[in-house]
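Okay, structure first, notes after.
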Amino acid sequence: MQTLPNVPPGCPAVAVEDDRTGLNIDTLKRAFLDNLYYIQGKFPAIATKNDYYMALAYTVRDRLFQRWIATAEAYTRNGARTVCYLSAEFLLGPHLGNNLINLGIYDQVKQAIEELGLNFQELLEQEEEPGLGNGGLGRLAACYLDSLATLEIPAIGYGIRYEFGIFDQDIRDGWQVEITDKWLRYGNPWEVARPEWAVEVKFGGHTETYTDDHGHYRVRWVPYKVVKGIPYDTPILGYQVNTCNTLRLWTSEAPESFNFEAFNSGDYSGAVHQKMISENISKVLYPNDNLTQGKLLRLEQQFFFVSCSLQDMIRILLRQQLPLERFHEKFSIQLNDTHPSIAVAELMRLLLDEYSMEWDKAWHITTHTFAYTNHTLLPEALERWPLNLFGDLLPRHLEIIYEINQRFLDDVRIRYPDDPARIQRMSLIDETGERYIRMANLACVGSFAINGVAALHTELLKKDVLHDFYEVFPEKFNNKTNGVTPRRFMVLSNPRLCHLICDRIGDGWIKNLDELHKLEAFVNDPEFCQRFREIKRAIKKDLADYIWQNYNLAVNPDSLFDIQAKRIHEYKRQHLNALYIVTLYNRIKANPDLDISPRTFLFGGKAAPGYYIAKLIIKLINSIAEVVNRDPDMRDRLKVLFLKDYNVKFAQRVYPAADLSEQISTAGKEASGTGNMKFAMNGALTIGTLDGANVEIREEVGAENFFLFGLTTEEVYALKAKGYNPWDYYQANPELKLAIDRIASGFFSHGNPNLFKPLIDNLLYRDEYLLLADYQSYVECQDRVGQAYRDQDNWTRMSILNVARMGKFSSDRSIRDYCQDIWKVNPVQIALEEYSQVNAMMLKV
């Protein structure tokens, strides 16, 4: 409870004309107090920290709405060609700070709040992060929405409003424990419900054929159940422009949420049964699909948001009085990975069955509407659905996919008449065992463009994963290297560095990241380098203080902060990093006076709930940390910590503090990565393989400013082809053998030799991701890192050059490439004068 100075308890501020849109400090204070009083229904003496956060959020939202309405009106009036980004994930991060940056009022609002006697930083921290994504895929989608708005491109993001997002992660006895992410428990001030635009989505049942009034053969889908999709809209503001686009997320509801007849007959649970079943669809992000029920729910989720979104696009098209035949001219739909690829069949169904269009015309529209981004080289990540499960849930779509497949394979047979194996590989139906629908194949056939997300990734798609489709459709394939938004991951995350940069080269780089190259002129400037180094240390000191307060672990801010923060997965090889830590530990135990550069190893990331080995890797890291951090022989030369519940908010604290960025995936496995970009643009040096976007980062920053190790993709393929035996590497390398034996002995598990046995056996007898083959190269490279860190002047120089040469990796560049090469869409500038025109128009109505 807090009483604000100079504000009489219980008194609202006196309203003035521009309280909802004005940007000066006095107006912002009045607006804040009005929202505390009229929206939160509180006065300062009884207001909580959350009340203050909500009042501030509504104050900022008012300023967004002015731009949001003007943007929507301009798009509607102009019938602007629109990008629709379909994604099962949008990992947005907190809205408040980012909106303040994009509005250009961060400092004014901070001053206003502090003049009212409140802690501005505490209010920023109060915001619950929307956990609507699992990792890089969802964060990329959020970066792209930011860039689309900043570049003034008409766009709508479509996804699911998960009631419970990605789980909150706790660590108990070294193990990951999943806790329900109740991100909506205090409400969400950034969204607006649009129940008047609800749509119906069908599931299950059967199909019936009939002849329409014109004598045409038609199909009617008679569903088993119907759910309602309710849209919730979130404004997405561009950086210092008036464009404010929309993220439209769908939540599921029952058409009738309460069965009054069942209730009156005493069946109280039955009265709300349909409500519960329907709402399950948008309940949780990515239910565990180890069980059939989980697979079914995932497919329901994907179809639900795709169907809702396509119906919404048709509503928009018709509302703007455009003919349905121009659907592909009005909308360019990007499929963000295979999750929304059922959209190909659903758009066909809508055009064929709901709007009585002929097949050829519907197929022309469909194949000129969709573009497909592939995000993976892992075969298991290319979604497949068991045919029976798919047919039971979506019987009409199965018929349409059969028809698409027959027509497509007939064309392939004509081109390759003597190649039945190719026909089998390219079929939309996998018939090699249990029959499956291949969703990546459907996306390839139904899209006019197919892109990878890094140069190496796209080449591997052409040569391997999608090789057959590349041979048939070479014109569809292109590369669009990922990028990240500098607004969130530099301006908001690293204000001290940004002030230094702006002081030297101005602020134009925030919208044109290529301007960072101007920093190269200061790389030999002693004063600039000293200031750069002081800022890095201050940020590391902040993180060290946070670690002490939250983990009771003292880490030295002058030590090398070696950070690996990303989703926990075997191919990302957090356990290779762990093997090096054990190797360092063994060296110090053998020679307690060993002179090494002090290291603080920090890990962050979540393992999928059903992924046991990934969870075991987390346990291994924590078990190593427990031993290392209490061993007096380490004498602060070595510290290890797993940072729990890694998310966007926490990432903003971690990226600026890193000295070394671990990007150590097996070559040929990581499609791109975006964490590698966020670390580097904040001055971290990269230790990595030639994988994903690492290749292009190394090209940009210079080989001398990148710590390269490991097998290349070609060498990985060759080694596997000739027969890789990890046991040989284990036996031939004494340090590797000692590290593995020490883990296997139970030394890091309180004497229990069985705890890490599944992980050790996997490495010694299978090692799919070639940790043991890359171990020696990694150790030698890490030793070079330690030596390089001793020369702080040169390390600072390398760090500055990493920042200066990251211009290519802005999401603005990525979006420009998409607009030019795939979407063929142009900017639409928004003038705020249109806001008054909207008011006048509403008054006339």
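Chain lettering (A, B, ...) mirrors the order of the structure tokens, residue numbering begins at 1 for each chain separately, and ligand numbering begins at 1 in order of display.
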
Discussion item. Please extract the residues of stretch 511-644 of chain A with a backbone DSSP assignment of alpha helix (DSSP H) and present them as a VMD selection string.
Written reply: chain A and resid 526 to 551 574 to 590 612 to 630

Print the selection's residues with C-alpha atoms to a file, as a short mmCIF file (atom, residue, chain, number, x, y, z; two decimals), in the first residue's frame.
data_model
loop_
_atom_site.label_atom_id
_atom_site.label_comp_id
_atom_site.auth_asym_id
_atom_site.auth_seq_id
_atom_site.Cartn_x
_atom_site.Cartn_y
_atom_site.Cartn_z
CA PRO A 526 40.93 4.17 -26.23
CA GLU A 527 38.22 6.28 -24.61
CA PHE A 528 35.40 4.53 -26.51
CA CYS A 529 36.84 1.08 -25.82
CA GLN A 530 37.23 1.87 -22.13
CA ARG A 531 33.63 3.09 -21.93
CA PHE A 532 32.43 0.01 -23.83
CA ARG A 533 34.31 -2.24 -21.38
CA GLU A 534 32.96 -0.38 -18.34
CA ILE A 535 29.39 -0.79 -19.60
CA LYS A 536 29.86 -4.53 -20.12
CA ARG A 537 31.26 -4.93 -16.61
CA ALA A 538 28.43 -2.90 -15.06
CA ILE A 539 25.87 -5.14 -16.80
CA LYS A 540 27.70 -8.25 -15.60
CA LYS A 541 27.75 -6.81 -12.09
CA ASP A 542 23.96 -6.37 -12.27
CA LEU A 543 23.55 -10.02 -13.27
CA ALA A 544 25.98 -11.11 -10.57
CA ASP A 545 23.92 -9.18 -7.99
CA TYR A 546 20.75 -10.83 -9.29
CA ILE A 547 22.37 -14.26 -8.99
CA TRP A 548 23.48 -13.54 -5.43
CA GLN A 549 20.02 -12.33 -4.43
CA ASN A 550 18.14 -15.20 -6.07
CA TYR A 551 20.57 -18.15 -5.91
CA GLN A 574 24.30 -28.52 -23.73
CA HIS A 575 25.93 -31.77 -22.55
CA LEU A 576 29.01 -31.07 -24.70
CA ASN A 577 29.38 -27.84 -22.74
CA ALA A 578 28.94 -29.86 -19.54
CA LEU A 579 31.72 -32.25 -20.59
CA TYR A 580 34.09 -29.31 -20.99
CA ILE A 581 33.18 -28.03 -17.52
CA VAL A 582 33.98 -31.48 -16.10
CA THR A 583 37.25 -31.45 -18.05
CA LEU A 584 38.21 -28.08 -16.53
CA TYR A 585 37.23 -29.40 -13.12
CA ASN A 586 39.40 -32.48 -13.59
CA ARG A 587 42.37 -30.34 -14.65
CA ILE A 588 42.10 -28.17 -11.56
CA LYS A 589 41.72 -31.22 -9.29
CA ALA A 590 44.89 -32.65 -10.84
CA TYR A 612 13.37 -37.34 -20.63
CA ILE A 613 16.94 -37.07 -21.93
CA ALA A 614 16.66 -33.28 -22.13
CA LYS A 615 15.48 -33.23 -18.53
CA LEU A 616 18.39 -35.47 -17.59
CA ILE A 617 20.78 -32.96 -19.19
CA ILE A 618 19.34 -30.25 -16.91
CA LYS A 619 19.85 -32.56 -13.94
CA LEU A 620 23.46 -33.20 -15.03
CA ILE A 621 24.24 -29.48 -15.27
CA ASN A 622 22.78 -28.83 -11.83
CA SER A 623 24.60 -31.81 -10.37
CA ILE A 624 27.92 -30.61 -11.80
CA ALA A 625 27.16 -27.13 -10.45
CA GLU A 626 26.48 -28.52 -6.97
CA VAL A 627 29.93 -30.14 -6.82
CA VAL A 628 31.93 -27.43 -8.58
CA ASN A 629 30.50 -24.53 -6.59
CA ARG A 630 31.26 -26.12 -3.20
#

Go through stretch 52-156 of chain A and flag each residue having an atom no more than 10 Å from stretch 674-697 of chain A; for those, report the closest pair of atoms plus their distance in Å to one decimal, using only C-alpha atoms, ordered by chain and rising number, as a tab-separated table.
residue	atom	partner	partner_atom	distance
A:Gly135	CA	A:Thr674	CA	9.8
A:Gly136	CA	A:Thr674	CA	6.5
A:Leu137	CA	A:Thr674	CA	9.1
A:Arg139	CA	A:Thr674	CA	8.6
A:Leu140	CA	A:Thr674	CA	7.6

Worksheet item: With only C-alpha atoms as the atoms that count, which of A:Pro130, A:Pro753, A:Gly159, A:Gly165 lies nearest to A:Gly187?
Response: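 Closest residue, counting only C-alpha atoms: A:Pro130.
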
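Atom to atom, atom CA of A:Gly605 and atom CA of A:His339 stand 22.2 Å apart.
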
Practice prompt. Would you please give, as a ChimeraX atom specification, all residues of stretch 171-306 of chain A that DSSP assigns to strand (DSSP E or B) based on the backbone?
Written response: /A:171-172,175-179,192-193,199-203,206-211,217-222,225-237,244-253,284

Discussion item. Which residue is closest to A:Leu317? Choose from A:Asp18, A:Glu780, A:Tyr75, A:Ile401 and count only C-alpha atoms.
Written reply: A:Tyr75

Worksheet entry | Among the residues A:Glu520, A:Asn552, A:Trp183, A:Gly746, the one that comes closest to A:Met798 [using only C-alpha atoms] |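 The closest residue to A:Met798 is A:Glu520.
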
Worksheet item: In Å, how far is it from atom CA of A:Leu409 to atom CA of A:Ser427?
Response: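 So the two atoms, atom CA of A:Leu409 and atom CA of A:Ser427, lie 6.8 Å apart.
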
Discussion item. Neighbouring residues of A:Phe603 were defined as those with any atom within 6 Å, considering only C-alpha atoms; residues of the same chain fewer than 2 positions away were excluded. Please report them as an MDAnalysis selection string.
Written reply: chainID A and resid 563:565 642:643

Practice prompt. Just give me the gap between atom CA of A:Ser332 and atom CA of A:Ile281 in Å, one decimal is fine.
Written response: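 Value for the atom CA of A:Ser332-atom CA of A:Ile281 distance: 26.4 Å.
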
Item to complete: Go through A:Asp767, A:Glu115, A:Asp774, A:Asp636 one by one, measure the shortest atom-to-atom distance of each to A:Asn733 using only C-alpha atoms, and give the residue with the smallest value.
Response: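 Comparing A:Asp767, A:Glu115, A:Asp774, A:Asp636 against A:Asn733, the winner is A:Asp774.
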
Discussion item. With only C-alpha atoms as the counted atoms, please give the residues lying no more than 9 Å from A:Cys444, apart from itself and same-chain residues fewer than 4 positions off, as a PyMOL selection string.
Written reply: chain A and resi 371-372+439-440+448-450+466+469+473+476

Item to complete: For A:Leu389, please output as an MDAnalysis selection string all residues within 9 Å (counting only C-alpha atoms; exclusion window: fewer than 3 positions along the same chain).
Response: chainID A and resid 292 295:296 385:386 392:394

Set out as a Markdown table a contact list for stretch 434-511 of chain A and stretch 805-818 of chain A with a cut-off of 12 Å, giving each residue of stretch 434-511 of chain A that qualifies its closest atom pair and distance in Å to one decimal, counting only C-alpha atoms, ordered by chain and rising residue number.
| residue | atom | partner | partner_atom | distance |
| --- | --- | --- | --- | --- |
| A:Ala449 | CA | A:Tyr818 | CA | 10.4 |
| A:Ile450 | CA | A:Tyr818 | CA | 11.3 |
| A:Asn451 | CA | A:Tyr818 | CA | 9.7 |
| A:Gly452 | CA | A:Tyr818 | CA | 11.7 |
| A:Val453 | CA | A:Ser814 | CA | 9.5 |
| A:Ala454 | CA | A:Ser814 | CA | 10.6 |
| A:Asn478 | CA | A:Tyr818 | CA | 10.0 |
| A:Asn479 | CA | A:Asp817 | CA | 9.3 |
| A:Lys480 | CA | A:Ser814 | CA | 6.3 |
| A:Thr481 | CA | A:Ser814 | CA | 6.5 |
| A:Asn482 | CA | A:Ser814 | CA | 6.1 |
| A:Gly483 | CA | A:Ser811 | CA | 3.8 |
| A:Val484 | CA | A:Ser811 | CA | 4.5 |
| A:Thr485 | CA | A:Ser811 | CA | 5.3 |
| A:Pro486 | CA | A:Ser810 | CA | 6.5 |
| A:Arg487 | CA | A:Ser810 | CA | 9.7 |
| A:Arg488 | CA | A:Ser810 | CA | 11.2 |
| A:Phe489 | CA | A:Ser810 | CA | 10.2 |
| A:Met490 | CA | A:Ser810 | CA | 10.9 |
| A:Trp509 | CA | A:Gly807 | CA | 8.6 |
| A:Ile510 | CA | A:Ser810 | CA | 9.5 |
| A:Lys511 | CA | A:Asp812 | CA | 7.8 |

Item to complete: Check the smallest atom-to-atom distance from each of A:Tyr85, A:Trp795, A:Tyr53, A:Phe390 to A:Leu123 using only C-alpha atoms, then report the winner.
Response: A:Tyr53

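With only C-alpha atoms as the atoms that count, the residue of A:Glu127, A:Ser672, A:Gln424, A:Ile101 with the shortest distance to A:Ser493 is A:Ile101.
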
Determine, counting only C-alpha atoms, which protein, DNA and RNA residues have an atom within 8 Å of an atom of stretch 718-731 of chain A; residues of the same chain fewer than 3 positions away are not included. Present the result as a PDB file with N, CA and C atoms, in the first residue's frame.
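Final file, selection-v3.pdb:
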ATOM      1  N   GLU A 714      29.292 -31.451 -44.194  1.00  0.00           N
ATOM      2  CA  GLU A 714      29.759 -32.502 -45.101  1.00  0.00           C
ATOM      3  C   GLU A 714      30.525 -33.567 -44.333  1.00  0.00           C
ATOM      4  N   GLU A 715      31.348 -33.149 -43.366  1.00  0.00           N
ATOM      5  CA  GLU A 715      32.116 -34.104 -42.571  1.00  0.00           C
ATOM      6  C   GLU A 715      31.214 -34.934 -41.669  1.00  0.00           C
ATOM      7  N   PRO A 734      42.194 -39.497 -23.427  1.00  0.00           N
ATOM      8  CA  PRO A 734      42.219 -39.660 -21.967  1.00  0.00           C
ATOM      9  C   PRO A 734      41.364 -38.633 -21.220  1.00  0.00           C
ATOM     10  N   LEU A 736      38.685 -37.005 -22.332  1.00  0.00           N
ATOM     11  CA  LEU A 736      37.280 -37.334 -22.579  1.00  0.00           C
ATOM     12  C   LEU A 736      36.865 -38.530 -21.735  1.00  0.00           C
ATOM     13  N   LYS A 737      37.718 -39.565 -21.709  1.00  0.00           N
ATOM     14  CA  LYS A 737      37.398 -40.770 -20.941  1.00  0.00           C
ATOM     15  C   LYS A 737      37.263 -40.448 -19.457  1.00  0.00           C
ATOM     16  N   LEU A 763      25.703 -41.650 -25.283  1.00  0.00           N
ATOM     17  CA  LEU A 763      26.920 -41.083 -25.850  1.00  0.00           C
ATOM     18  C   LEU A 763      27.895 -42.164 -26.310  1.00  0.00           C
ATOM     19  N   LEU A 764      28.064 -43.211 -25.530  1.00  0.00           N
ATOM     20  CA  LEU A 764      29.079 -44.215 -25.833  1.00  0.00           C
ATOM     21  C   LEU A 764      28.664 -45.172 -26.939  1.00  0.00           C
ATOM     22  N   TYR A 765      27.373 -45.420 -27.068  1.00  0.00           N
ATOM     23  CA  TYR A 765      26.946 -46.462 -28.000  1.00  0.00           C
ATOM     24  C   TYR A 765      26.106 -45.947 -29.163  1.00  0.00           C
ATOM     25  N   ARG A 766      25.732 -44.665 -29.123  1.00  0.00           N
ATOM     26  CA  ARG A 766      24.905 -44.134 -30.207  1.00  0.00           C
ATOM     27  C   ARG A 766      25.398 -42.765 -30.646  1.00  0.00           C
ATOM     28  N   ASP A 767      25.369 -41.800 -29.757  1.00  0.00           N
ATOM     29  CA  ASP A 767      25.887 -40.451 -29.984  1.00  0.00           C
ATOM     30  C   ASP A 767      25.440 -39.896 -31.334  1.00  0.00           C
ATOM     31  N   LEU A 770      27.045 -36.588 -32.314  1.00  0.00           N
ATOM     32  CA  LEU A 770      28.500 -36.542 -32.490  1.00  0.00           C
ATOM     33  C   LEU A 770      29.221 -35.669 -31.466  1.00  0.00           C
ATOM     34  N   LEU A 772      31.140 -36.786 -29.052  1.00  0.00           N
ATOM     35  CA  LEU A 772      32.484 -37.298 -28.811  1.00  0.00           C
ATOM     36  C   LEU A 772      33.408 -37.000 -29.991  1.00  0.00           C
ATOM     37  N   ALA A 773      32.857 -36.975 -31.188  1.00  0.00           N
ATOM     38  CA  ALA A 773      33.670 -36.642 -32.357  1.00  0.00           C
ATOM     39  C   ALA A 773      34.118 -35.188 -32.323  1.00  0.00           C
TER      40      ALA A 773
END
